[in-house]
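Asker: For reference, this is entry.pdb, and it has PDB, C-alpha atoms.
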ATOM      1  CA  MET A   3       0.000   0.000   0.000
ATOM      2  CA  SER A   4       1.447   3.373  -0.992
ATOM      3  CA  ILE A   5       1.120   6.562   0.988
ATOM      4  CA  VAL A   6       0.069   9.659  -0.889
ATOM      5  CA  GLN A   7       1.850  12.919  -0.147
ATOM      6  CA  VAL A   8      -0.081  16.153  -0.639
ATOM      7  CA  HIS A   9       1.557  19.543  -0.216
ATOM      8  CA  GLY A  10      -0.311  22.703   0.672
ATOM      9  CA  GLY A  11       1.847  24.794  -1.632
ATOM     10  CA  GLY A  12       0.738  23.046  -4.769
ATOM     11  CA  GLY A  13       3.970  21.081  -5.157
ATOM     12  CA  ARG A  14       4.446  17.652  -6.611
ATOM     13  CA  VAL A  15       2.688  14.604  -5.202
ATOM     14  CA  ALA A  16       4.819  11.649  -4.146
ATOM     15  CA  ALA A  17       3.510   8.145  -3.728
ATOM     16  CA  ASP A  18       6.296   6.734  -1.567
ATOM     17  CA  ARG A  19       6.184   8.779   1.638
ATOM     18  CA  THR A  20       4.564  11.710   3.418
ATOM     19  CA  SER A  21       6.184  14.998   4.295
ATOM     20  CA  PHE A  22       7.589  15.315   7.808
ATOM     21  CA  VAL A  23       4.943  17.973   8.553
ATOM     22  CA  GLY A  24       2.146  15.557   7.674
ATOM     23  CA  VAL A  25      -0.441  15.479   4.936
ATOM     24  CA  ARG A  26      -1.795  18.906   5.887
ATOM     25  CA  VAL A  27       0.724  21.673   6.378
ATOM     26  CA  PRO A  28       0.102  23.494   9.701
ATOM     27  CA  PRO A  29      -1.203  27.047   9.108
ATOM     28  CA  GLU A  30       1.579  28.660  11.163
ATOM     29  CA  ILE A  31       4.158  27.056   8.840
ATOM     30  CA  LYS A  32       2.308  28.258   5.743
ATOM     31  CA  THR A  33       2.245  31.804   7.086
ATOM     32  CA  MET A  34       5.903  31.618   8.075
ATOM     33  CA  VAL A  35       6.926  30.544   4.555
ATOM     34  CA  LYS A  36       5.199  33.580   3.040
ATOM     35  CA  LYS A  37       6.683  36.012   5.557
ATOM     36  CA  SER A  38      10.238  34.639   5.357
ATOM     37  CA  ALA A  39      10.512  34.628   1.549
ATOM     38  CA  LYS A  40      12.563  37.854   1.522
ATOM     39  CA  MET A  41      13.955  37.575   5.019
ATOM     40  CA  ASP A  42      17.646  38.119   5.733
ATOM     41  CA  ARG A  43      19.503  34.903   6.559
ATOM     42  CA  ASP A  44      21.129  36.442   9.619
ATOM     43  CA  VAL A  45      17.703  37.164  11.144
ATOM     44  CA  ILE A  46      16.550  33.603  10.412
ATOM     45  CA  ARG A  47      19.655  32.240  12.120
ATOM     46  CA  LYS A  48      18.962  34.322  15.218
ATOM     47  CA  LEU A  49      15.365  33.100  15.301
ATOM     48  CA  LEU A  50      16.494  29.490  14.867
ATOM     49  CA  LYS A  51      18.914  29.939  17.760
ATOM     50  CA  LEU A  52      15.948  31.136  19.797
ATOM     51  CA  VAL A  53      13.947  28.089  18.667
ATOM     52  CA  MET A  54      16.682  25.741  19.889
ATOM     53  CA  GLN A  55      16.887  27.590  23.210
ATOM     54  CA  SER A  56      13.125  27.209  23.564
ATOM     55  CA  LEU A  57      13.334  23.461  22.962
ATOM     56  CA  GLU A  58      16.097  23.260  25.568
ATOM     57  CA  GLY A  59      14.004  25.258  28.058
ATOM     58  CA  GLU A  60      16.382  28.222  28.117
ATOM     59  CA  VAL A  61      14.457  30.860  26.153
ATOM     60  CA  SER A  62      13.745  34.308  27.591
ATOM     61  CA  TYR A  63      11.721  37.264  26.337
ATOM     62  CA  GLY A  64      14.874  39.394  26.414
ATOM     63  CA  SER A  65      16.419  37.225  23.705
ATOM     64  CA  PHE A  66      13.485  37.913  21.377
ATOM     65  CA  SER A  67      13.563  41.619  22.207
ATOM     66  CA  SER A  68      17.222  41.835  21.198
ATOM     67  CA  ILE A  69      16.375  40.350  17.788
ATOM     68  CA  VAL A  70      13.579  42.895  17.342
ATOM     69  CA  GLU A  71      15.929  45.746  18.209
ATOM     70  CA  GLY A  72      18.634  44.373  15.914
ATOM     71  CA  ALA A  73      16.245  44.215  12.976
ATOM     72  CA  GLY A  74      15.597  47.944  13.213
ATOM     73  CA  ASP A  75      12.993  49.265  10.788
ATOM     74  CA  LYS A  76      13.425  46.364   8.352
ATOM     75  CA  ILE A  77      10.866  44.146  10.046
ATOM     76  CA  ASN A  78       8.341  44.639  12.830
ATOM     77  CA  GLU A  79       7.891  42.595  16.004
ATOM     78  CA  GLU A  80       4.645  40.989  14.814
ATOM     79  CA  THR A  81       6.267  39.585  11.672
ATOM     80  CA  LEU A  82       9.220  38.268  13.663
ATOM     81  CA  GLY A  83       6.794  36.574  16.051
ATOM     82  CA  ILE A  84       4.964  34.921  13.132
ATOM     83  CA  ILE A  85       8.221  33.626  11.638
ATOM     84  CA  TYR A  86       9.475  32.406  15.015
ATOM     85  CA  THR A  87       6.222  30.516  15.664
ATOM     86  CA  GLY A  88       6.361  28.885  12.244
ATOM     87  CA  LEU A  89      10.006  27.879  12.609
ATOM     88  CA  LEU A  90       9.330  26.413  16.050
ATOM     89  CA  SER A  91       6.408  24.394  14.675
ATOM     90  CA  LEU A  92       8.485  23.192  11.717
ATOM     91  CA  VAL A  93      11.422  22.042  13.861
ATOM     92  CA  LYS A  94       9.064  20.314  16.305
ATOM     93  CA  CYS A  95       7.363  18.462  13.433
ATOM     94  CA  ALA A  96      10.743  17.271  12.176
ATOM     95  CA  MET A  97      11.912  16.159  15.620
ATOM     96  CA  ARG A  98       8.843  13.979  16.066
ATOM     97  CA  HIS A  99      10.549  11.635  13.609
ATOM     98  CA  SER A 100      13.627   9.646  14.560
ATOM     99  CA  SER A 101      16.862  10.140  12.650
ATOM    100  CA  SER A 102      16.398   6.717  11.062
ATOM    101  CA  SER A 103      12.908   7.465   9.751
ATOM    102  CA  LEU A 104      13.622  11.003   8.479
ATOM    103  CA  LYS A 105      16.755  11.344   6.371
ATOM    104  CA  GLN A 106      18.489  14.662   5.768
ATOM    105  CA  GLN A 107      17.962  14.345   2.014
ATOM    106  CA  HIS A 108      14.213  13.820   2.447
ATOM    107  CA  PHE A 109      14.083  16.675   4.949
ATOM    108  CA  LYS A 110      15.629  19.091   2.449
ATOM    109  CA  GLU A 111      13.307  17.862  -0.285
ATOM    110  CA  ASP A 112      10.322  18.564   1.961
ATOM    111  CA  LEU A 113      11.660  22.043   2.764
ATOM    112  CA  GLU A 114      11.841  22.737  -0.949
ATOM    113  CA  GLU A 115       8.282  21.501  -1.452
ATOM    114  CA  LEU A 116       7.103  23.766   1.353
ATOM    115  CA  GLY A 117       8.591  26.729  -0.505
ATOM    116  CA  ILE A 118      11.281  27.567   2.035
ATOM    117  CA  PRO A 119      14.225  29.361   0.371
ATOM    118  CA  ALA A 120      17.235  27.128  -0.288
ATOM    119  CA  GLU A 121      19.577  29.438   1.648
ATOM    120  CA  PHE A 122      17.788  28.453   4.879
ATOM    121  CA  HIS A 123      17.951  24.678   4.319
ATOM    122  CA  GLU A 124      21.386  24.103   5.851
ATOM    123  CA  ASP A 125      20.566  26.082   8.996
ATOM    124  CA  LEU A 126      17.306  24.167   9.482
ATOM    125  CA  THR A 127      19.083  20.861   8.860
ATOM    126  CA  SER A 128      21.697  21.748  11.489
ATOM    127  CA  CYS A 129      18.911  22.395  14.014
ATOM    128  CA  VAL A 130      17.110  19.100  13.380
ATOM    129  CA  PHE A 131      20.129  16.815  12.929
ATOM    130  CA  GLY A 132      22.765  18.688  14.937
ATOM    131  CA  THR A 133      24.626  17.867  18.149
ATOM    132  CA  LYS A 134      21.868  19.266  20.386
ATOM    133  CA  ARG A 135      19.287  16.780  19.089
ATOM    134  CA  PRO A 136      19.968  13.986  21.668
ATOM    135  CA  SER A 137      19.604  16.324  24.664
ATOM    136  CA  ILE A 138      16.394  17.838  23.243
ATOM    137  CA  ASP A 139      14.949  14.376  22.594
ATOM    138  CA  SER A 140      15.821  13.339  26.137
ATOM    139  CA  ARG A 141      14.206  16.467  27.604
ATOM    140  CA  GLN A 142      11.010  16.046  25.593
ATOM    141  CA  LEU A 143      10.817  12.381  26.531
ATOM    142  CA  SER A 144      11.134  13.115  30.253
ATOM    143  CA  SER A 145       8.600  15.969  30.204
ATOM    144  CA  ARG A 146       5.864  14.353  28.111
ATOM    145  CA  PRO A 147       2.520  13.514  29.775
ATOM    146  CA  ARG A 148       2.300   9.901  30.841
ATOM    147  CA  LEU A 149       0.284   7.595  33.041
ATOM    148  CA  PRO A 150       1.770   6.288  36.321
ATOM    149  CA  ARG A 151       3.979   3.214  35.912
ATOM    150  CA  LEU A 152       3.487  -0.012  37.821
ATOM    151  CA  LEU A 153       6.426  -0.371  40.227
ATOM    152  CA  GLN A 154       5.438  -3.399  42.253
ATOM    153  CA  LEU A 155       2.786  -6.102  42.234
ATOM    154  CA  LYS A 156       2.137  -8.355  45.212
ATOM    155  CA  TRP A 157      -0.481 -11.078  45.434
ATOM    156  CA  ARG A 158      -1.655 -13.849  47.684
ATOM    157  CA  VAL A 159      -4.459 -16.400  47.773
ATOM    158  CA  ASP A 160      -6.880 -16.348  50.718
ATOM    159  CA  VAL A 161      -9.454 -19.033  51.489
ATOM    160  CA  ALA A 162     -12.589 -17.933  53.301
ATOM    161  CA  ILE A 163     -13.519 -20.713  55.725
ATOM    162  CA  SER A 164     -16.746 -19.086  56.845
ATOM    163  CA  THR A 165     -18.674 -15.818  56.716
ATOM    164  CA  SER A 166     -21.327 -14.131  58.814
ATOM    165  CA  VAL A 167     -23.947 -15.733  56.567
ATOM    166  CA  LEU A 168     -22.489 -19.178  55.843
ATOM    167  CA  ASN A 169     -20.697 -21.419  58.289
ATOM    168  CA  ARG A 170     -18.608 -23.186  55.659
ATOM    169  CA  VAL A 171     -17.419 -21.542  52.437
ATOM    170  CA  LEU A 172     -13.885 -22.720  51.538
ATOM    171  CA  GLU A 173     -13.826 -20.437  48.497
ATOM    172  CA  PRO A 174     -10.385 -19.097  47.449
ATOM    173  CA  SER A 175      -9.875 -15.497  46.364
ATOM    174  CA  VAL A 176      -6.877 -13.555  45.070
ATOM    175  CA  ILE A 177      -5.707 -10.442  46.923
ATOM    176  CA  MET A 178      -3.619  -8.116  44.744
ATOM    177  CA  GLU A 179      -1.638  -5.068  45.796
ATOM    178  CA  MET A 180      -0.368  -2.692  43.086
ATOM    179  CA  THR A 181       2.114   0.139  43.779
ATOM    180  CA  PHE A 182       2.451   2.903  41.170
ATOM    181  CA  SER A 183       5.168   5.461  40.430
ATOM    182  CA  ASN A 184       3.006   8.314  41.756
ATOM    183  CA  GLY A 185       3.029   6.741  45.244
ATOM    184  CA  ILE A 186      -0.540   5.403  45.111
ATOM    185  CA  THR A 187      -1.172   1.812  46.237
ATOM    186  CA  LYS A 188      -4.273  -0.091  45.172
ATOM    187  CA  VAL A 189      -5.472  -3.238  46.931
ATOM    188  CA  PHE A 190      -8.336  -5.306  45.527
ATOM    189  CA  GLU A 191      -9.791  -8.776  45.819
ATOM    190  CA  ILE A 192     -11.088 -10.919  42.978
ATOM    191  CA  PRO A 193     -12.408 -14.495  42.885
ATOM    192  CA  VAL A 194     -10.327 -17.130  41.141
ATOM    193  CA  SER A 195     -12.713 -17.248  38.165
ATOM    194  CA  GLN A 196     -12.238 -13.514  37.475
ATOM    195  CA  PHE A 197      -8.484 -13.855  37.970
ATOM    196  CA  HIS A 198      -8.380 -16.463  35.201
ATOM    197  CA  GLN A 199     -10.455 -14.158  33.009
ATOM    198  CA  LEU A 200      -8.025 -11.301  33.698
ATOM    199  CA  ARG A 201      -5.066 -13.543  32.886
ATOM    200  CA  TYR A 202      -6.679 -14.604  29.618
ATOM    201  CA  ASN A 203      -7.477 -11.036  28.558
ATOM    202  CA  VAL A 204      -3.934  -9.847  29.281
ATOM    203  CA  ALA A 205      -2.488 -12.714  27.230
ATOM    204  CA  TYR A 206      -4.941 -11.926  24.415
ATOM    205  CA  VAL A 207      -3.923  -8.227  24.322
ATOM    206  CA  LEU A 208      -0.213  -9.112  24.295
ATOM    207  CA  LYS A 209      -0.798 -11.517  21.389
ATOM    208  CA  GLN A 210      -2.715  -8.828  19.458
ATOM    209  CA  MET A 211       0.125  -6.341  20.036
ATOM    210  CA  GLU A 212       2.666  -8.888  18.815
ATOM    211  CA  ASP A 213       0.647  -9.568  15.655
ATOM    212  CA  LEU A 214       0.222  -5.831  15.037
ATOM    213  CA  GLU A 215       3.954  -5.175  15.312
ATOM    214  CA  LYS A 216       4.606  -7.762  12.595
ATOM    215  CA  ARG A 217       2.625  -5.781  10.021
ATOM    216  CA  SER A 218       4.879  -4.124   7.471
ATOM    217  CA  ILE A 219       3.072  -0.774   7.673
ATOM    218  CA  LEU A 220       4.406  -0.285  11.208
ATOM    219  CA  LYS A 221       8.003  -1.092  10.316
ATOM    220  CA  ILE A 222      10.408   1.783   9.730
ATOM    221  CA  GLN A 223      11.963   1.604   6.306
ATOM    222  CA  ASP A 224      15.427   3.178   5.947
TER     223      ASP A 224
END
Spit out the file's structure as structure tokens when you get a sec.
Answerer:
Amino acid sequence: MSIVQVHGGGGRVAADRTSFVGVRVPPEIKTMVKKSAKMDRDVIRKLLKLVMQSLEGEVSYGSFSSIVEGAGDKINEETLGIIYTGLLSLVKCAMRHSSSSLKQQHFKEDLEELGIPAEFHEDLTSCVFGTKRPSIDSRQLSSRPRLPRLLQLKWRVDVAISTSVLNRVLEPSVIMEMTFSNGITKVFEIPVSQFHQLRYNVAYVLKQMEDLEKRSILKIQD
């Protein structure tokens, strides 16, 4: 099955892969491309430096103000803000892909299809594939929203000999204690029949995940 690539700028359509920005080009990137068509390369470099600082969590409003002041009367603050937002969105879109799934050659081809001037390609490539990429990936991975992880699971089997209603029961039940990474501990009791059902459903889900991973559409092609 081929994947159709459609570009918002009216470029060519490829049948082998999609652009790193996705099928639909984000509006902030479209606007940025129009605004940066006649932009000075030095200003773009300063904005890209600000983008990288933002991704590293080191950006400050003073840095942006210095760029505005340095531009003088050539460009206003609103236009610089539009270009900065578009560049940030573009770099983020590219960094969602691993280095093995997005090649530098394909990245530059996509930049060309988006209508970004060729003089900016090398600077953008340095941002996405440069030496700061591992630390940015690590920071984004550690700060992403996630559910609590299961740290510990304890269980035991109890047999109820009698209850307040029945004198003789002798029915086993499973007591489970789950400790999560957020410090919460959950304790619950289930009968053996439901425990077997739980065990079956977990095994079924794991088998479905294994079968899904074998499908070629989910494999990364270099």
Asker: Taking 4 positions as the minimum chain separation for residues in the same chain, which residues sit within 9 Å of A:Lys134 when counting all atoms listed in the file? Answer as a PyMOL selection string.
Answerer: chain A and resi 54+58+129-130+138-139
Asker: Could you please take those selected residues and save C-alpha atoms as a compact mmCIF listing (two decimals), in the coordinates of the input?
Answerer:
# COMPACT_ATOMS: atom_id res chain seq x y z
CA MET A 54 16.68 25.74 19.89
CA GLU A 58 16.10 23.26 25.57
CA CYS A 129 18.91 22.40 14.01
CA VAL A 130 17.11 19.10 13.38
CA ILE A 138 16.39 17.84 23.24
CA ASP A 139 14.95 14.38 22.59
Asker: Provide the atom CA of A:Ser144 to atom CA of A:Thr181 distance in Å, to one decimal place.
Answerer: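 So the answer is 20.8 Å.
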Asker: In Å, rounded to a single decimal, give me how far atom CA of A:Ser195 is from atom CA of A:Phe182.
Answerer: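 For atom CA of A:Phe182 relative to atom CA of A:Ser195, the distance reads 25.4 Å.
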Asker: Within 12 Å of A:Gly185, counting only C-alpha atoms, which residues qualify if same-chain residues fewer than 6 places away don't, as a compact mmCIF listing (two decimals) with C-alpha atoms, keeping the file's coordinate frame?
Answerer:
# COMPACT_ATOMS: atom_id res chain seq x y z
CA PRO A 150 1.77 6.29 36.32
CA ARG A 151 3.98 3.21 35.91
CA LEU A 152 3.49 -0.01 37.82
CA LEU A 153 6.43 -0.37 40.23
CA GLN A 154 5.44 -3.40 42.25
Asker: Write out as a PyMOL selection string the residues lying within 10 Å of A:Ser175, counting all atoms listed in the file and excluding same-chain residues fewer than 4 positions away.
Answerer: chain A and resi 158-162+191-197
Asker: So the first atom is atom CA of A:Leu104 and the second is atom CA of A:Gly24; what is the distance between them in Å, to one decimal place?
Answerer: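 Atom-to-atom, atom CA of A:Leu104 to atom CA of A:Gly24, that is 12.4 Å.
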Asker: Give me, as number ranges by chain, all polymer residues having an atom no more than 9 Å from A:Glu30, counting only C-alpha atoms and skipping those fewer than 5 positions away in the same chain.
Answerer: A: 35, 84-85, 87-89, 91-92
Asker: Would you translate the PyMOL selection byres ((chain A and resi 125) around 12) into the concrete set of residues it matches in this file, as a ChimeraX atom specification?
Answerer: /A:43-51,53-54,89,93,110,113,118-124,126-132
Asker: Could you check the closest approach to A:Lys40 for each of A:Met178, A:Val204, A:Met211, A:Ile77 and tell me which residue wins, using all atoms listed in the file?
Answerer: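 Comparing A:Met178, A:Val204, A:Met211, A:Ile77 against A:Lys40, the winner is A:Ile77.
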Asker: Apply the PyMOL selection byres ((chain A and resi 179) around 6) to the displayed file and report the matching residues as a ChimeraX atom specification.
Answerer: /A:155-156,178,180,188-189
Asker: Go through A:Ser68, A:Gln107, A:Thr187, A:Ser137 one by one, measure the shortest atom-to-atom distance of each to A:Leu82 using all atoms listed in the file, and give the residue with the smallest value.
Answerer: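 Among the listed residues, the smallest separation from A:Leu82 belongs to A:Ser68.
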Asker: Return the single residue from A:Gln210, A:Ser21, A:Asn203, A:Ser140 that is closest to A:Ser103, with distances computed using all atoms listed in the file.
Answerer: A:Ser21
